[in-house]
file model_2.cif (mmCIF, C-alpha atoms)
data_input
loop_
_atom_site.label_atom_id
_atom_site.label_comp_id
_atom_site.auth_asym_id
_atom_site.auth_seq_id
_atom_site.Cartn_x
_atom_site.Cartn_y
_atom_site.Cartn_z
CA MET X 1 259.14 95.57 135.05
CA ARG X 2 257.79 98.32 137.29
CA ASP X 3 256.30 95.79 139.70
CA ILE X 4 259.50 93.72 139.85
CA LEU X 5 261.79 96.69 140.45
CA GLY X 6 259.34 98.12 142.99
CA ARG X 7 259.23 94.78 144.83
CA ASP X 8 255.48 94.56 144.48
CA PRO X 9 254.03 91.78 146.67
CA ALA X 10 252.90 89.67 143.69
CA PRO X 11 256.28 89.16 141.96
CA VAL X 12 258.01 88.84 145.35
CA ALA X 13 255.61 86.05 146.34
CA LYS X 14 256.24 84.26 143.05
CA ALA X 15 260.01 84.63 143.43
CA GLN X 16 259.86 83.19 146.94
CA LEU X 17 257.85 80.20 145.76
CA ILE X 18 260.23 79.53 142.85
CA ALA X 19 263.27 79.81 145.13
CA HIS X 20 261.63 77.32 147.50
CA ILE X 21 261.20 74.76 144.70
CA ALA X 22 264.69 75.58 143.30
CA PRO X 23 264.23 74.27 139.74
CA ASP X 24 267.06 73.65 137.29
CA VAL X 25 264.80 74.71 134.41
CA LEU X 26 261.66 76.82 134.67
CA VAL X 27 259.06 77.68 132.01
CA LEU X 28 257.14 80.89 132.76
CA SER X 29 254.02 82.19 131.07
CA GLY X 30 252.46 85.61 131.40
CA VAL X 31 255.80 87.44 131.34
CA ASP X 32 255.81 90.50 129.07
CA HIS X 33 258.47 90.15 126.38
CA ASP X 34 260.86 93.01 125.64
CA HIS X 35 263.95 93.44 123.52
CA GLY X 36 266.91 91.99 125.40
CA ASN X 37 264.74 90.15 127.96
CA VAL X 38 265.33 92.94 130.47
CA THR X 39 262.16 92.18 132.44
CA LEU X 40 262.95 88.46 132.52
CA GLN X 41 266.45 89.16 133.81
CA ALA X 42 265.05 91.43 136.52
CA PHE X 43 262.74 88.64 137.66
CA ARG X 44 265.66 86.19 137.59
CA ASP X 45 267.57 88.56 139.87
CA LEU X 46 264.59 88.82 142.21
CA ILE X 47 264.49 85.02 142.51
CA ALA X 48 268.23 85.02 143.24
CA GLU X 49 267.64 87.50 146.07
CA HIS X 50 265.51 84.82 147.69
CA GLY X 51 268.17 82.15 147.42
CA HIS X 52 268.05 80.43 144.02
CA GLU X 53 270.14 81.38 140.99
CA MET X 54 269.36 80.53 137.38
CA ALA X 55 271.97 82.26 135.27
CA HIS X 56 270.47 81.67 131.84
CA THR X 57 267.43 83.42 130.39
CA PHE X 58 265.79 82.79 127.04
CA ALA X 59 262.71 83.83 125.09
CA PHE X 60 261.85 84.01 121.43
CA ALA X 61 259.63 86.90 120.39
CA SER X 62 255.96 86.21 121.06
CA ASN X 63 252.95 86.13 118.77
CA ALA X 64 250.91 87.82 121.51
CA GLY X 65 249.96 91.33 120.45
CA LEU X 66 251.85 91.04 117.14
CA ARG X 67 249.94 93.23 114.69
CA THR X 68 248.65 91.76 111.42
CA GLY X 69 247.42 94.98 109.81
CA LEU X 70 244.16 93.21 108.93
CA ASP X 71 240.68 93.13 110.40
CA MET X 72 240.87 89.64 111.92
CA THR X 73 237.50 89.76 113.70
CA GLY X 74 235.17 91.34 111.14
CA ASP X 75 234.37 94.37 113.29
CA GLY X 76 235.66 96.88 110.76
CA ARG X 77 238.81 97.72 112.74
CA THR X 78 242.41 96.62 112.34
CA ALA X 79 244.02 97.72 115.61
CA GLY X 80 242.13 95.81 118.29
CA PRO X 81 243.79 93.27 120.64
CA ASP X 82 242.31 90.44 118.54
CA ASP X 83 243.61 91.86 115.23
CA THR X 84 246.91 90.24 116.10
CA GLN X 85 248.66 86.90 115.84
CA GLY X 86 247.75 86.28 119.49
CA TYR X 87 245.55 88.31 121.79
CA GLY X 88 247.33 91.33 123.22
CA ASP X 89 247.04 95.08 123.66
CA PHE X 90 250.74 95.41 122.83
CA SER X 91 253.41 93.24 121.25
CA GLY X 92 254.76 90.66 123.69
CA GLN X 93 252.04 90.97 126.31
CA LYS X 94 251.87 87.93 128.63
CA ALA X 95 254.48 85.99 126.69
CA LEU X 96 256.58 82.87 127.33
CA ALA X 97 260.05 82.68 128.84
CA VAL X 98 262.56 80.17 130.23
CA LEU X 99 265.00 80.42 133.13
CA SER X 100 267.71 77.78 133.48
CA ARG X 101 270.79 76.80 135.46
CA TYR X 102 272.12 75.25 132.24
CA PRO X 103 272.94 77.02 128.96
CA ILE X 104 270.32 77.15 126.22
CA LEU X 105 271.85 76.75 122.76
CA PRO X 106 270.18 79.17 120.31
CA GLU X 107 271.98 77.66 117.32
CA HIS X 108 270.31 74.30 118.02
CA SER X 109 266.91 75.71 119.00
CA ARG X 110 263.89 76.29 116.79
CA ASP X 111 260.93 78.66 116.88
CA PHE X 112 257.75 77.31 115.27
CA SER X 113 255.70 80.38 116.12
CA ASP X 114 255.28 81.38 112.46
CA PHE X 115 253.60 78.04 111.62
CA LEU X 116 250.32 78.87 109.86
CA TRP X 117 247.11 77.58 111.37
CA ARG X 118 245.84 76.44 107.96
CA ASP X 119 248.91 74.16 107.56
CA LEU X 120 248.08 71.92 110.52
CA PRO X 121 246.73 68.57 109.27
CA GLY X 122 243.06 68.21 110.13
CA ASN X 123 242.91 71.71 111.59
CA LEU X 124 239.59 73.03 112.83
CA SER X 125 240.05 75.88 110.37
CA PRO X 126 241.03 79.45 110.96
CA TYR X 127 238.00 81.25 112.30
CA ARG X 128 235.68 83.25 110.08
CA PRO X 129 234.12 86.45 111.38
CA GLU X 130 230.38 85.80 111.46
CA GLY X 131 228.79 86.04 108.04
CA SER X 132 232.07 86.46 106.18
CA MET X 133 233.50 84.40 103.36
CA PRO X 134 236.93 82.75 103.52
CA ASP X 135 239.63 85.38 103.24
CA PRO X 136 242.83 84.14 101.54
CA ALA X 137 244.80 87.11 102.86
CA ARG X 138 243.75 86.40 106.43
CA ASP X 139 244.34 82.66 106.15
CA ALA X 140 247.77 83.20 104.60
CA LEU X 141 248.73 85.33 107.59
CA GLN X 142 247.09 83.74 110.65
CA ARG X 143 249.61 81.79 112.74
CA LEU X 144 248.59 78.88 114.95
CA SER X 145 250.47 79.85 118.12
CA SER X 146 248.79 82.41 120.34
CA THR X 147 252.16 82.88 122.10
CA GLY X 148 254.66 80.38 120.72
CA HIS X 149 255.72 76.79 120.05
CA TRP X 150 259.45 76.29 120.69
CA ASP X 151 262.09 73.57 120.58
CA LEU X 152 264.91 74.71 122.88
CA ALA X 153 268.21 72.82 123.14
CA LEU X 154 269.58 72.64 126.68
CA GLU X 155 273.25 71.81 127.29
CA LEU X 156 273.62 69.45 130.25
CA PRO X 157 276.68 69.39 132.57
CA ASP X 158 278.16 66.30 130.89
CA HIS X 159 277.80 67.98 127.48
CA GLY X 160 274.72 65.96 126.67
CA ARG X 161 271.65 67.68 125.29
CA LEU X 162 268.03 67.80 126.34
CA HIS X 163 265.36 69.49 124.24
CA LEU X 164 262.49 71.46 125.75
CA LEU X 165 259.30 71.55 123.69
CA VAL X 166 257.61 74.64 125.10
CA TYR X 167 254.25 76.32 124.50
CA GLN X 168 251.37 78.19 126.07
CA ALA X 169 247.99 77.84 124.40
CA GLY X 170 245.26 80.44 124.57
CA PRO X 171 242.03 79.81 126.48
CA PRO X 172 239.22 77.79 124.86
CA VAL X 173 236.68 80.47 125.81
CA PHE X 174 236.15 84.13 124.83
CA GLY X 175 237.20 85.10 121.29
CA GLY X 176 233.87 86.04 119.77
CA GLN X 177 232.09 84.23 117.00
CA ASN X 178 232.41 80.74 115.54
CA ASP X 179 234.24 79.18 118.49
CA ARG X 180 237.49 80.72 117.34
CA ASN X 181 239.37 80.27 120.63
CA LEU X 182 237.87 76.83 121.26
CA HIS X 183 239.21 75.56 117.95
CA ARG X 184 242.55 77.31 118.23
CA ASN X 185 243.13 75.98 121.75
CA HIS X 186 242.48 72.45 120.45
CA ASP X 187 244.86 72.84 117.53
CA GLU X 188 247.67 74.41 119.58
CA THR X 189 247.91 71.14 121.53
CA ALA X 190 247.18 68.97 118.47
CA PHE X 191 250.28 70.55 116.89
CA TRP X 192 252.52 68.49 119.19
CA SER X 193 250.78 65.21 118.37
CA HIS X 194 251.34 65.83 114.65
CA PHE X 195 254.90 67.01 115.34
CA LEU X 196 255.75 63.84 117.25
CA ASP X 197 254.14 61.75 114.49
CA GLY X 198 256.56 63.29 111.97
CA ALA X 199 253.55 64.63 110.05
CA LEU X 200 254.81 68.23 109.76
CA ALA X 201 257.55 69.84 107.69
CA VAL X 202 259.43 70.32 110.98
CA LEU X 203 260.62 67.09 112.60
CA PRO X 204 261.07 66.07 116.26
CA PRO X 205 264.54 66.45 117.81
CA ASP X 206 266.91 63.48 117.61
CA ALA X 207 267.74 63.80 121.32
CA PRO X 208 265.75 63.28 124.55
CA PHE X 209 263.07 65.90 125.12
CA VAL X 210 260.55 67.13 127.66
CA LEU X 211 257.33 68.81 126.55
CA MET X 212 256.55 71.64 129.00
CA GLY X 213 253.87 74.27 129.10
CA GLY X 214 250.28 75.28 129.58
CA SER X 215 247.62 73.88 127.30
CA ASN X 216 244.71 75.65 129.02
CA LEU X 217 243.07 72.27 128.46
CA ASP X 218 242.09 69.58 130.95
CA PRO X 219 241.85 66.01 129.59
CA PHE X 220 238.42 65.44 131.18
CA ASP X 221 236.75 68.62 132.40
CA GLY X 222 236.28 72.28 131.61
CA ASP X 223 235.30 74.19 128.50
CA GLY X 224 237.83 72.91 125.97
CA MET X 225 237.82 70.08 123.45
CA GLN X 226 239.47 67.55 125.76
CA GLY X 227 240.24 65.00 123.05
CA ALA X 228 243.32 66.92 121.90
CA MET X 229 244.82 66.70 125.39
CA ARG X 230 243.96 63.03 125.82
CA ASN X 231 245.52 62.25 122.44
CA LEU X 232 248.76 63.97 123.40
CA LEU X 233 248.93 62.29 126.82
CA ALA X 234 248.46 58.92 125.12
CA HIS X 235 251.08 59.53 122.41
CA PRO X 236 253.58 56.64 122.30
CA ALA X 237 256.57 59.01 122.19
CA ILE X 238 255.89 60.52 125.61
CA GLN X 239 255.06 59.49 129.18
CA ASP X 240 252.69 61.14 131.64
CA PRO X 241 253.94 60.72 135.23
CA GLN X 242 250.75 62.49 136.43
CA PRO X 243 252.16 64.93 139.01
CA ALA X 244 249.79 65.24 141.94
CA SER X 245 249.19 67.00 145.26
CA ASP X 246 247.14 66.53 148.40
CA GLY X 247 246.26 70.22 148.37
CA ALA X 248 244.40 69.87 145.08
CA VAL X 249 242.27 67.06 146.51
CA HIS X 250 241.48 69.16 149.56
CA ALA X 251 240.59 72.21 147.44
CA ALA X 252 238.18 70.17 145.31
CA ARG X 253 235.94 69.22 148.23
CA SER X 254 233.68 72.13 147.34
CA GLY X 255 233.31 74.71 144.62
CA ALA X 256 232.69 74.64 140.90
CA GLY X 257 234.92 71.62 140.25
CA SER X 258 233.75 69.29 142.98
CA GLN X 259 231.80 67.17 140.48
CA HIS X 260 234.58 66.86 137.91
CA ILE X 261 235.23 63.40 136.53
CA GLY X 262 239.03 63.85 136.24
CA PRO X 263 241.34 63.06 139.18
CA HIS X 264 241.34 66.05 141.53
CA ALA X 265 244.90 65.24 142.64
CA HIS X 266 246.23 66.18 139.18
CA ASP X 267 244.73 69.70 139.13
CA THR X 268 247.17 72.57 138.59
CA VAL X 269 244.98 75.66 138.87
CA HIS X 270 242.54 76.89 141.52
CA TRP X 271 239.39 78.33 139.91
CA PRO X 272 236.76 77.60 142.53
CA GLN X 273 234.24 80.34 141.83
CA ALA X 274 231.02 79.46 140.04
CA PRO X 275 230.15 79.77 137.20
CA GLY X 276 233.83 79.22 136.35
CA PRO X 277 235.25 75.88 135.25
CA GLY X 278 236.50 74.80 138.68
CA ASN X 279 239.97 73.46 139.42
CA LEU X 280 241.59 71.87 136.37
CA ARG X 281 244.79 70.27 135.09
CA VAL X 282 246.11 72.78 132.55
CA SER X 283 249.92 72.75 133.03
CA TYR X 284 252.09 69.82 132.01
CA ILE X 285 255.59 68.32 132.05
CA LEU X 286 255.71 65.35 129.64
CA PRO X 287 259.09 63.66 129.09
CA THR X 288 259.92 61.41 126.19
CA ARG X 289 259.96 57.71 127.00
CA GLY X 290 263.76 57.80 126.91
CA VAL X 291 263.91 59.89 130.08
CA ALA X 292 263.71 58.38 133.58
CA VAL X 293 261.37 60.19 135.98
CA THR X 294 262.51 59.87 139.58
CA ASP X 295 259.88 62.08 141.25
CA SER X 296 257.14 64.59 140.41
CA GLY X 297 254.41 66.68 141.96
CA VAL X 298 252.37 69.86 142.01
CA PHE X 299 253.28 72.41 144.67
CA TRP X 300 249.90 72.64 146.35
CA PRO X 301 250.37 71.96 150.07
CA MET X 302 247.52 71.35 152.48
CA PRO X 303 246.31 74.55 154.20
CA ASP X 304 247.85 73.54 157.55
CA MET X 305 251.30 72.88 156.11
CA PRO X 306 254.04 75.54 156.48
CA GLY X 307 254.54 75.78 152.70
CA ALA X 308 250.92 76.87 152.21
CA ALA X 309 251.88 80.46 153.05
CA LEU X 310 253.89 80.59 149.81
CA LEU X 311 250.64 80.40 147.84
CA GLY X 312 249.55 83.78 149.21
CA GLN X 313 246.21 84.85 150.57
CA PRO X 314 243.39 82.49 149.45
CA ASP X 315 241.17 85.39 148.39
CA ASN X 316 243.94 87.37 146.69
CA PRO X 317 246.76 85.04 145.58
CA PRO X 318 249.62 86.25 143.36
CA THR X 319 248.54 83.52 140.91
CA ARG X 320 245.92 80.81 140.93
CA HIS X 321 248.19 78.47 139.01
CA ARG X 322 250.28 75.92 140.88
CA LEU X 323 253.88 75.10 140.02
CA VAL X 324 254.31 71.64 138.45
CA TRP X 325 257.70 70.02 139.06
CA MET X 326 259.51 66.88 137.98
CA ASP X 327 262.89 65.28 138.70
CA ILE X 328 264.38 63.41 135.75
CA ASP X 329 267.50 61.50 134.78
CA ALA X 330 267.91 62.28 131.09
CA HIS X 331 270.52 59.55 130.54
CA ASN X 332 268.87 56.53 132.17
CA PRO X 333 265.59 55.36 130.67
#
call {"tool": "encode", "arguments": {"input": "model_2.cif", "output": "structure tokens"}}
result
Amino acid sequence: MRDILGRDPAPVAKAQLIAHIAPDVLVLSGVDHDHGNVTLQAFRDLIAEHGHEMAHTFAFASNAGLRTGLDMTGDGRTAGPDDTQGYGDFSGQKALAVLSRYPILPEHSRDFSDFLWRDLPGNLSPYRPEGSMPDPARDALQRLSSTGHWDLALELPDHGRLHLLVYQAGPPVFGGQNDRNLHRNHDETAFWSHFLDGALAVLPPDAPFVLMGGSNLDPFDGDGMQGAMRNLLAHPAIQDPQPASDGAVHAARSGAGSQHIGPHAHDTVHWPQAPGPGNLRVSYILPTRGVAVTDSGVFWPMPDMPGAALLGQPDNPPTRHRLVWMDIDAHNP
């Protein structure tokens, strides 16, 4: 909030980029959640200053930083950033949010963020602090979502409805013992495959939908368990238009990801420094098969193109993630 109101270069650069793309609907991650979405509204206003208005803001409360009151890591403490439903030093840190030109209908939207990890079919099991026995109290409390899994109903101009299935998974690295984050990252994406299969107590929407968000998981490369992402991309209920960019291909000529087996053109984040994972595809827009896709891409221009300046300084960018966009016709399959 301080940085937005002070017109810090980082939020200004992001607002300029978003205004340039001019989306109808935008999913944001890494936005601190507060009561009343005051920070989100301030960022919306900053985007409007640069020429693009999205009147509607929405965010459910986040699991990030939500205290459990238990020692979730086995270190003898109960107040660390990992003794929470999702990593965070305070409640709502680096949460999810949506900006939209069209109204979001809370009465027809659902928040699955309280879904317990243990209740996911075939889950890779809630983590155990090293050397500890299963803890029924911990397992009965630990949610799957590190930030949230949402089904948001969007009212279209002709009074039709489009559902947004939104999430942001945690990273598959860090997290201490027993591959906790690796397994959780896998299951946060696997949730949608089970959801679309009708295998959960919560059922898919009976209207067209678009699955949007960050899985922190590339289908071929990187540190995660890629099978979960490949399974979701291959699910018969959705389509993968594979948004691409020439800039991603250019950026992959050297650096940590130059030997990746996945298509460089589909990358959505620039992590070139070794020993990091290299550039990866970690952000997705996946419409149901009942939605016509008319165009798509990743905003990653070549370095000599005018739009490249919107990405900021190569050595100090406002974000290393690239904006994924898609044009759809929700009424014509």
call {"tool": "closest_residue", "arguments": {"input": "model_2.cif", "among": "X:Phe299, X:Trp117, X:Phe209, X:Tyr284", "to": "X:Asp246", "atoms": "only C-alpha atoms"}}
result
X:Phe299
call {"tool": "closest_residue", "arguments": {"input": "model_2.cif", "among": "X:Ala207, X:Val324, X:Ala274, X:Ala153", "to": "X:Pro241", "atoms": "only C-alpha atoms"}}
result
X:Val324
call {"tool": "resolve_selection", "arguments": {"input": "model_2.cif", "expression": "the PyMOL selection byres ((chain X and resi 285) around 9)", "output": "list in words"}}
result
Val210, Leu211, Met212, Gly213, Asp240, Pro241, Gln242, Pro243, Ser283, Tyr284, Leu286, Pro287, Val324, Trp325 and Met326 of chain X
call {"tool": "write_last_selection", "arguments": {"input": "model_2.cif", "atoms": "C-alpha atoms", "output": "compact mmCIF listing (two decimals), in the frame of the given file"}}
result
# COMPACT_ATOMS: atom_id res chain seq x y z
CA VAL X 210 260.55 67.13 127.66
CA LEU X 211 257.33 68.81 126.55
CA MET X 212 256.55 71.64 129.00
CA GLY X 213 253.87 74.27 129.10
CA ASP X 240 252.69 61.14 131.64
CA PRO X 241 253.94 60.72 135.23
CA GLN X 242 250.75 62.49 136.43
CA PRO X 243 252.16 64.93 139.01
CA SER X 283 249.92 72.75 133.03
CA TYR X 284 252.09 69.82 132.01
CA LEU X 286 255.71 65.35 129.64
CA PRO X 287 259.09 63.66 129.09
CA VAL X 324 254.31 71.64 138.45
CA TRP X 325 257.70 70.02 139.06
CA MET X 326 259.51 66.88 137.98
call {"tool": "residues_around", "arguments": {"input": "model_2.cif", "residues": "X:Ala13", "least_positions_apart": "2", "cutoff": "8 Å", "atoms": "all atoms listed in the file", "output": "PyMOL selection string"}}
result
chain X and resi 9-11+15-17+310-312+318
call {"tool": "closest_atom_pairs", "arguments": {"input": "model_2.cif", "of": "stretch 2-42 of chain X", "to": "stretch 79-101 of chain X", "cutoff": "7 Å", "atoms": "only C-alpha atoms", "output": "CSV"}}
result
residue,atom,partner,partner_atom,distance
X:Asp24,CA,X:Arg101,CA,5.2
X:Val25,CA,X:Ser100,CA,4.3
X:Leu26,CA,X:Leu99,CA,5.1
X:Val27,CA,X:Val98,CA,4.6
X:Leu28,CA,X:Ala97,CA,5.2
X:Ser29,CA,X:Leu96,CA,4.6
X:Gly30,CA,X:Lys94,CA,3.7
X:Val31,CA,X:Lys94,CA,4.8
X:Asp32,CA,X:Gln93,CA,4.7
X:His33,CA,X:Gly92,CA,4.6
X:Asp34,CA,X:Gly92,CA,6.8
call {"tool": "resolve_selection", "arguments": {"input": "model_2.cif", "expression": "the PyMOL selection byres ((chain X and resi 255) around 8)", "output": "PyMOL selection string"}}
result
chain X and resi 252-254+256-258+272-274+278
call {"tool": "residues_around", "arguments": {"input": "model_2.cif", "residues": "X:Gln168", "least_positions_apart": "6", "cutoff": "8 Å", "atoms": "all atoms listed in the file", "output": "PDB file with C-alpha atoms, keeping the file's coordinate frame"}}
result
ATOM      1  CA  SER X  29     254.020  82.190 131.070  1.00  0.00           C
ATOM      2  CA  LEU X  96     256.580  82.870 127.330  1.00  0.00           C
ATOM      3  CA  SER X 146     248.790  82.410 120.340  1.00  0.00           C
ATOM      4  CA  THR X 147     252.160  82.880 122.100  1.00  0.00           C
ATOM      5  CA  GLY X 148     254.660  80.380 120.720  1.00  0.00           C
ATOM      6  CA  HIS X 149     255.720  76.790 120.050  1.00  0.00           C
ATOM      7  CA  GLY X 213     253.870  74.270 129.100  1.00  0.00           C
ATOM      8  CA  GLY X 214     250.280  75.280 129.580  1.00  0.00           C
ATOM      9  CA  SER X 215     247.620  73.880 127.300  1.00  0.00           C
ATOM     10  CA  ASN X 216     244.710  75.650 129.020  1.00  0.00           C
TER      11      ASN X 216
END
call {"tool": "atom_distance", "arguments": {"input": "model_2.cif", "atom1": "atom CA of X:Ala237", "atom2": "atom CA of X:Leu323"}}
result
24.2 Å
call {"tool": "atom_distance", "arguments": {"input": "model_2.cif", "atom1": "atom CA of X:Arg77", "atom2": "atom CA of X:Asp223"}}
result
28.5 Å
call {"tool": "resolve_selection", "arguments": {"input": "model_2.cif", "expression": "the PyMOL selection byres ((chain X and resi 139) around 12)", "output": "ChimeraX atom specification"}}
result
/X:68,70-72,85,115-119,125-128,133-138,140-144
call {"tool": "closest_residue", "arguments": {"input": "model_2.cif", "among": "X:Gly51, X:Gly36, X:Pro219, X:Pro23", "to": "X:His266", "atoms": "only C-alpha atoms"}}
result
X:Pro219
call {"tool": "residues_near_point", "arguments": {"input": "model_2.cif", "point": "(247.7, 65.8, 121.0)", "cutoff": "6 Å", "atoms": "all atoms listed in the file", "output": "JSON, numbers by chain"}}
result
{"X": [189, 190, 192, 193, 228, 229, 231, 232]}
call {"tool": "write_last_selection", "arguments": {"input": "model_2.cif", "atoms": "C-alpha atoms", "output": "compact mmCIF listing (two decimals), in the coordinates of the input"}}
result
# COMPACT_ATOMS: atom_id res chain seq x y z
CA THR X 189 247.91 71.14 121.53
CA ALA X 190 247.18 68.97 118.47
CA TRP X 192 252.52 68.49 119.19
CA SER X 193 250.78 65.21 118.37
CA ALA X 228 243.32 66.92 121.90
CA MET X 229 244.82 66.70 125.39
CA ASN X 231 245.52 62.25 122.44
CA LEU X 232 248.76 63.97 123.40
call {"tool": "residues_near_point", "arguments": {"input": "model_2.cif", "point": "(274.6, 78.4, 129.3)", "cutoff": "8 Å", "atoms": "all atoms listed in the file", "output": "VMD selection string"}}
result
chain X and resid 55 to 56 101 to 105 155
call {"tool": "closest_residue", "arguments": {"input": "model_2.cif", "among": "X:Gly170, X:Pro106, X:Gly227, X:Gly222", "to": "X:Gly262", "atoms": "all atoms listed in the file"}}
result
X:Gly222
call {"tool": "atom_distance", "arguments": {"input": "model_2.cif", "atom1": "atom CA of X:Gln226", "atom2": "atom CA of X:Gly297"}}
result
22.1 Å
call {"tool": "closest_residue", "arguments": {"input": "model_2.cif", "among": "X:Asn181, X:Ser296, X:Asn63, X:Ser145", "to": "X:Ile328", "atoms": "all atoms listed in the file"}}
result
X:Ser296
call {"tool": "decode", "arguments": {"input": "model_2.cif", "residues": "stretch 233-249 of chain X", "atoms": "N, CA, C and O atoms", "output": "compact mmCIF listing (two decimals), in the first residue's frame"}}
result
# COMPACT_ATOMS: atom_id res chain seq x y z
N LEU X 233 -3.13 -30.43 -17.99
CA LEU X 233 -3.15 -29.91 -19.37
C LEU X 233 -3.82 -30.90 -20.32
O LEU X 233 -4.39 -30.49 -21.35
N ALA X 234 -3.75 -32.18 -20.00
CA ALA X 234 -4.35 -33.20 -20.86
C ALA X 234 -5.78 -33.55 -20.48
O ALA X 234 -6.40 -34.40 -21.12
N HIS X 235 -6.34 -32.88 -19.47
CA HIS X 235 -7.68 -33.23 -19.00
C HIS X 235 -8.70 -32.97 -20.11
O HIS X 235 -8.67 -31.92 -20.77
N PRO X 236 -9.63 -33.90 -20.34
CA PRO X 236 -10.58 -33.73 -21.45
C PRO X 236 -11.54 -32.57 -21.30
O PRO X 236 -12.16 -32.15 -22.28
N ALA X 237 -11.66 -32.00 -20.10
CA ALA X 237 -12.60 -30.89 -19.90
C ALA X 237 -12.02 -29.55 -20.32
O ALA X 237 -12.76 -28.58 -20.45
N ILE X 238 -10.69 -29.48 -20.51
CA ILE X 238 -10.08 -28.19 -20.80
C ILE X 238 -9.27 -28.25 -22.08
O ILE X 238 -9.00 -29.32 -22.63
N GLN X 239 -8.87 -27.08 -22.57
CA GLN X 239 -7.99 -26.96 -23.72
C GLN X 239 -6.78 -26.11 -23.32
O GLN X 239 -6.87 -25.23 -22.46
N ASP X 240 -5.66 -26.39 -23.96
CA ASP X 240 -4.43 -25.63 -23.71
C ASP X 240 -4.01 -24.95 -25.00
O ASP X 240 -3.36 -25.57 -25.85
N PRO X 241 -4.35 -23.69 -25.20
CA PRO X 241 -3.95 -22.98 -26.42
C PRO X 241 -2.45 -22.70 -26.50
O PRO X 241 -1.99 -22.21 -27.53
N GLN X 242 -1.70 -22.96 -25.45
CA GLN X 242 -0.24 -22.80 -25.43
C GLN X 242 0.20 -21.40 -25.83
O GLN X 242 0.87 -21.21 -26.85
N PRO X 243 -0.14 -20.38 -25.04
CA PRO X 243 0.33 -19.03 -25.32
C PRO X 243 1.85 -19.00 -25.43
O PRO X 243 2.55 -19.69 -24.68
N ALA X 244 2.35 -18.19 -26.36
CA ALA X 244 3.78 -18.20 -26.64
C ALA X 244 4.29 -16.79 -26.90
O ALA X 244 3.50 -15.84 -27.05
N SER X 245 5.61 -16.66 -26.97
CA SER X 245 6.24 -15.37 -27.28
C SER X 245 7.59 -15.61 -27.94
O SER X 245 8.27 -16.61 -27.67
N ASP X 246 7.98 -14.66 -28.78
CA ASP X 246 9.32 -14.70 -29.37
C ASP X 246 10.38 -14.30 -28.34
O ASP X 246 11.52 -14.80 -28.38
N GLY X 247 9.99 -13.43 -27.40
CA GLY X 247 10.95 -13.00 -26.40
C GLY X 247 11.43 -14.14 -25.52
O GLY X 247 12.60 -14.16 -25.10
N ALA X 248 10.55 -15.09 -25.22
CA ALA X 248 10.95 -16.23 -24.39
C ALA X 248 11.97 -17.09 -25.12
O ALA X 248 12.92 -17.61 -24.52
N VAL X 249 11.78 -17.27 -26.42
CA VAL X 249 12.74 -18.05 -27.21
C VAL X 249 14.10 -17.35 -27.22
O VAL X 249 15.14 -17.99 -27.03
